[in-house]
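Novice: For reference, the structure I am asking about is given below.
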Amino acid sequence: MNRIASAYESLLECFGPQGWWPAETTFEMAVGAVLTQGTAWRNAERAIDNLRREGALCPEGLSRISPSALRKHIAAAGFQRRKAATLGLLSELAGNTETGWRALLATPATELRGRLQSVRGIGPETADAILLYAGRCPAFVIDAYTRRFAVRHALADRKAGYAAMKELFESSLPADPDLYAEYHALLVALGKEFCRTQPRCADCPLRRDLPEAR
DNA sequence: GTCCAGGGCCTAC
DNA sequence: GTAGGCCATGGA
């Protein structure tokens, strides 16, 4: 077993199954992926709660509210102008309908990734998060937690780009969306508990399995 | 007051 | 091609 695969076993043993993504519908997952960009999840969650109260967590509802109201509802997640525009474009991509959204998610992964990334404000990471959690496609999400984990444990070079980092994880694991989803969630759990509060990973549960970068 | 959080875009080299 | 500034808000 390679180091990335064995680290997964250790994480699962340490934190238990996370059962991600925290959302009720696939569209809500996509909205969450946009809202959490460069922002603590706690703040994205507030914005999601506001949208839920307004009935705007579906393409129809989102397209119904005014741009200024949308900005107000998502303000807690920060970058409100950009994110409001992105959410509007995402809904448009789905034809502003639930059936359009489902049809979009049913398109082949490569095409779906391209269409998502054609939306201004959706880059490789957000596209992969939507692909993985909403589309159940085997796309590994490289976020800040994943990057810190890989660099800290000398699995990847600090300068590795998004594509290289993604290739590293995907080539080390079977192409299983459930596995990718669980792994990513476990890395977030690890990051929240250790990698930020313990910069040197003094008590990191992976220390006995993985070397640390010097 | 300062720093940073589950990014992405744009501009200047 | 890539490093750095910028977008915005909330909590530690």
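Going by the structure tokens order, chains are called A, B, ..., each with residues numbered from 1, while ligands are numbered from 1 in the order shown.
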What's the 7 Å shell around region 3-8 of chain C, counting only C-alpha atoms (C1' of nucleotides), without same-chain residues fewer than 4 positions away, as a list in words?
Specialist: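 In the requested form, the answer reads Gly78, Phe79 and Gln80 of chain A.
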Novice: Just need the residues of chain A within 9 Å of chain C, counting only C-alpha atoms (C1' of nucleotides), so spit them out as an MDAnalysis selection string.
Specialist: chainID A and resid 39:40 43 75:82
Novice: Those selected residues, please, written with C-alpha atoms and delivered as a PDB file, in the first residue's frame.
Specialist:
ATOM      1  CA  THR A  39     -13.812  31.672   3.790  1.00  0.00           C
ATOM      2  CA  ALA A  40     -14.333  29.700   6.981  1.00  0.00           C
ATOM      3  CA  ASN A  43     -19.504  31.874   7.595  1.00  0.00           C
ATOM      4  CA  ALA A  75     -22.715  38.772   2.873  1.00  0.00           C
ATOM      5  CA  ALA A  76     -21.584  36.673   5.840  1.00  0.00           C
ATOM      6  CA  ALA A  77     -19.541  34.473   3.497  1.00  0.00           C
ATOM      7  CA  GLY A  78     -17.534  37.442   2.211  1.00  0.00           C
ATOM      8  CA  PHE A  79     -16.635  38.399  -1.389  1.00  0.00           C
ATOM      9  CA  GLN A  80     -20.364  38.994  -1.779  1.00  0.00           C
ATOM     10  CA  ARG A  81     -20.330  40.722  -5.171  1.00  0.00           C
ATOM     11  CA  ARG A  82     -18.269  38.055  -6.862  1.00  0.00           C
TER      12      ARG A  82
END
Novice: Compute the set of chain B residues within 12 Å of chain A, using only C-alpha atoms (C1' of nucleotides), and express it as a ChimeraX atom specification.
Specialist: /B:4-9
Novice: Let's see if you can do this: from backbone DSSP, list all helix (DSSP H, G or I) residues in region 5-120 of chain A, as a PDB file with C-alpha atoms, in the first residue's frame.
Specialist:
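Output file out21.pdb is given in full below:
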ATOM      1  CA  ALA A   5      -3.503   5.064   0.734  1.00  0.00           C
ATOM      2  CA  SER A   6      -2.140   4.075   4.137  1.00  0.00           C
ATOM      3  CA  ALA A   7      -2.606   7.614   5.457  1.00  0.00           C
ATOM      4  CA  TYR A   8      -6.287   7.244   4.601  1.00  0.00           C
ATOM      5  CA  GLU A   9      -6.543   4.158   6.782  1.00  0.00           C
ATOM      6  CA  SER A  10      -4.901   6.004   9.669  1.00  0.00           C
ATOM      7  CA  LEU A  11      -7.195   9.008   9.285  1.00  0.00           C
ATOM      8  CA  LEU A  12     -10.296   6.841   9.152  1.00  0.00           C
ATOM      9  CA  GLU A  13      -9.199   4.992  12.264  1.00  0.00           C
ATOM     10  CA  CYS A  14      -8.473   8.252  14.067  1.00  0.00           C
ATOM     11  CA  PHE A  15     -11.495  10.371  13.108  1.00  0.00           C
ATOM     12  CA  THR A  26     -26.746  18.525  -4.867  1.00  0.00           C
ATOM     13  CA  PHE A  27     -27.465  22.157  -5.750  1.00  0.00           C
ATOM     14  CA  GLU A  28     -26.958  23.128  -2.127  1.00  0.00           C
ATOM     15  CA  MET A  29     -23.582  21.371  -2.283  1.00  0.00           C
ATOM     16  CA  ALA A  30     -22.607  23.455  -5.299  1.00  0.00           C
ATOM     17  CA  VAL A  31     -23.756  26.669  -3.618  1.00  0.00           C
ATOM     18  CA  GLY A  32     -21.746  25.722  -0.537  1.00  0.00           C
ATOM     19  CA  ALA A  33     -18.664  25.031  -2.644  1.00  0.00           C
ATOM     20  CA  VAL A  34     -18.837  28.563  -4.058  1.00  0.00           C
ATOM     21  CA  LEU A  35     -19.660  30.247  -0.758  1.00  0.00           C
ATOM     22  CA  TRP A  41     -17.138  27.153   6.580  1.00  0.00           C
ATOM     23  CA  ARG A  42     -18.953  28.663   9.574  1.00  0.00           C
ATOM     24  CA  ASN A  43     -19.504  31.874   7.595  1.00  0.00           C
ATOM     25  CA  ALA A  44     -20.534  30.038   4.434  1.00  0.00           C
ATOM     26  CA  GLU A  45     -23.075  28.153   6.531  1.00  0.00           C
ATOM     27  CA  ARG A  46     -24.696  31.376   7.691  1.00  0.00           C
ATOM     28  CA  ALA A  47     -25.136  32.462   4.103  1.00  0.00           C
ATOM     29  CA  ILE A  48     -26.604  29.051   3.222  1.00  0.00           C
ATOM     30  CA  ASP A  49     -29.068  29.315   6.117  1.00  0.00           C
ATOM     31  CA  ASN A  50     -30.181  32.728   4.844  1.00  0.00           C
ATOM     32  CA  LEU A  51     -30.697  31.351   1.336  1.00  0.00           C
ATOM     33  CA  ARG A  52     -32.640  28.408   2.720  1.00  0.00           C
ATOM     34  CA  ARG A  53     -34.971  30.756   4.583  1.00  0.00           C
ATOM     35  CA  PRO A  59     -32.038  27.151  -9.302  1.00  0.00           C
ATOM     36  CA  GLU A  60     -35.624  28.429  -9.501  1.00  0.00           C
ATOM     37  CA  GLY A  61     -35.470  30.161  -6.128  1.00  0.00           C
ATOM     38  CA  LEU A  62     -32.006  31.564  -6.687  1.00  0.00           C
ATOM     39  CA  SER A  63     -32.939  33.065 -10.047  1.00  0.00           C
ATOM     40  CA  ARG A  64     -36.050  34.636  -8.530  1.00  0.00           C
ATOM     41  CA  PRO A  67     -29.073  40.601  -7.237  1.00  0.00           C
ATOM     42  CA  SER A  68     -29.014  43.069  -4.344  1.00  0.00           C
ATOM     43  CA  ALA A  69     -31.018  40.717  -2.107  1.00  0.00           C
ATOM     44  CA  LEU A  70     -28.733  37.845  -3.046  1.00  0.00           C
ATOM     45  CA  ARG A  71     -25.680  39.886  -2.092  1.00  0.00           C
ATOM     46  CA  LYS A  72     -27.257  40.768   1.222  1.00  0.00           C
ATOM     47  CA  HIS A  73     -28.125  37.146   2.050  1.00  0.00           C
ATOM     48  CA  ALA A  75     -22.715  38.772   2.873  1.00  0.00           C
ATOM     49  CA  ALA A  76     -21.584  36.673   5.840  1.00  0.00           C
ATOM     50  CA  ALA A  77     -19.541  34.473   3.497  1.00  0.00           C
ATOM     51  CA  GLN A  80     -20.364  38.994  -1.779  1.00  0.00           C
ATOM     52  CA  ARG A  81     -20.330  40.722  -5.171  1.00  0.00           C
ATOM     53  CA  ARG A  82     -18.269  38.055  -6.862  1.00  0.00           C
ATOM     54  CA  LYS A  83     -19.995  35.132  -5.219  1.00  0.00           C
ATOM     55  CA  ALA A  84     -23.456  36.522  -5.972  1.00  0.00           C
ATOM     56  CA  ALA A  85     -22.502  36.850  -9.638  1.00  0.00           C
ATOM     57  CA  THR A  86     -21.063  33.322  -9.681  1.00  0.00           C
ATOM     58  CA  LEU A  87     -24.167  31.806  -8.087  1.00  0.00           C
ATOM     59  CA  GLY A  88     -26.339  33.596 -10.649  1.00  0.00           C
ATOM     60  CA  LEU A  89     -24.220  32.234 -13.499  1.00  0.00           C
ATOM     61  CA  LEU A  90     -24.267  28.744 -11.996  1.00  0.00           C
ATOM     62  CA  SER A  91     -28.052  28.813 -11.868  1.00  0.00           C
ATOM     63  CA  GLU A  92     -28.116  30.068 -15.459  1.00  0.00           C
ATOM     64  CA  LEU A  93     -25.870  27.190 -16.488  1.00  0.00           C
ATOM     65  CA  GLU A  98     -33.959  21.757 -11.137  1.00  0.00           C
ATOM     66  CA  THR A  99     -34.329  19.497 -14.171  1.00  0.00           C
ATOM     67  CA  GLY A 100     -31.666  21.522 -15.976  1.00  0.00           C
ATOM     68  CA  TRP A 101     -29.372  21.099 -12.986  1.00  0.00           C
ATOM     69  CA  ARG A 102     -29.912  17.338 -12.899  1.00  0.00           C
ATOM     70  CA  ALA A 103     -29.250  17.115 -16.641  1.00  0.00           C
ATOM     71  CA  LEU A 104     -26.059  19.119 -16.172  1.00  0.00           C
ATOM     72  CA  LEU A 105     -24.825  16.769 -13.439  1.00  0.00           C
ATOM     73  CA  ALA A 109     -17.225  14.254 -16.086  1.00  0.00           C
ATOM     74  CA  THR A 110     -14.741  15.902 -18.442  1.00  0.00           C
ATOM     75  CA  GLU A 111     -17.442  17.946 -20.135  1.00  0.00           C
ATOM     76  CA  LEU A 112     -19.083  18.822 -16.828  1.00  0.00           C
ATOM     77  CA  ARG A 113     -15.773  20.009 -15.427  1.00  0.00           C
ATOM     78  CA  GLY A 114     -15.264  22.247 -18.463  1.00  0.00           C
ATOM     79  CA  ARG A 115     -18.756  23.698 -18.244  1.00  0.00           C
ATOM     80  CA  LEU A 116     -18.423  24.401 -14.539  1.00  0.00           C
ATOM     81  CA  GLN A 117     -15.050  26.077 -15.028  1.00  0.00           C
TER      82      GLN A 117
END
Novice: Can you measure CA of Tyr183 (chain A) to CA of Lys159 (chain A) for me? One decimal in Å is fine.
Specialist: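 Computing the Euclidean distance for CA of Tyr183 (chain A) and CA of Lys159 (chain A) yields 22.1 Å.
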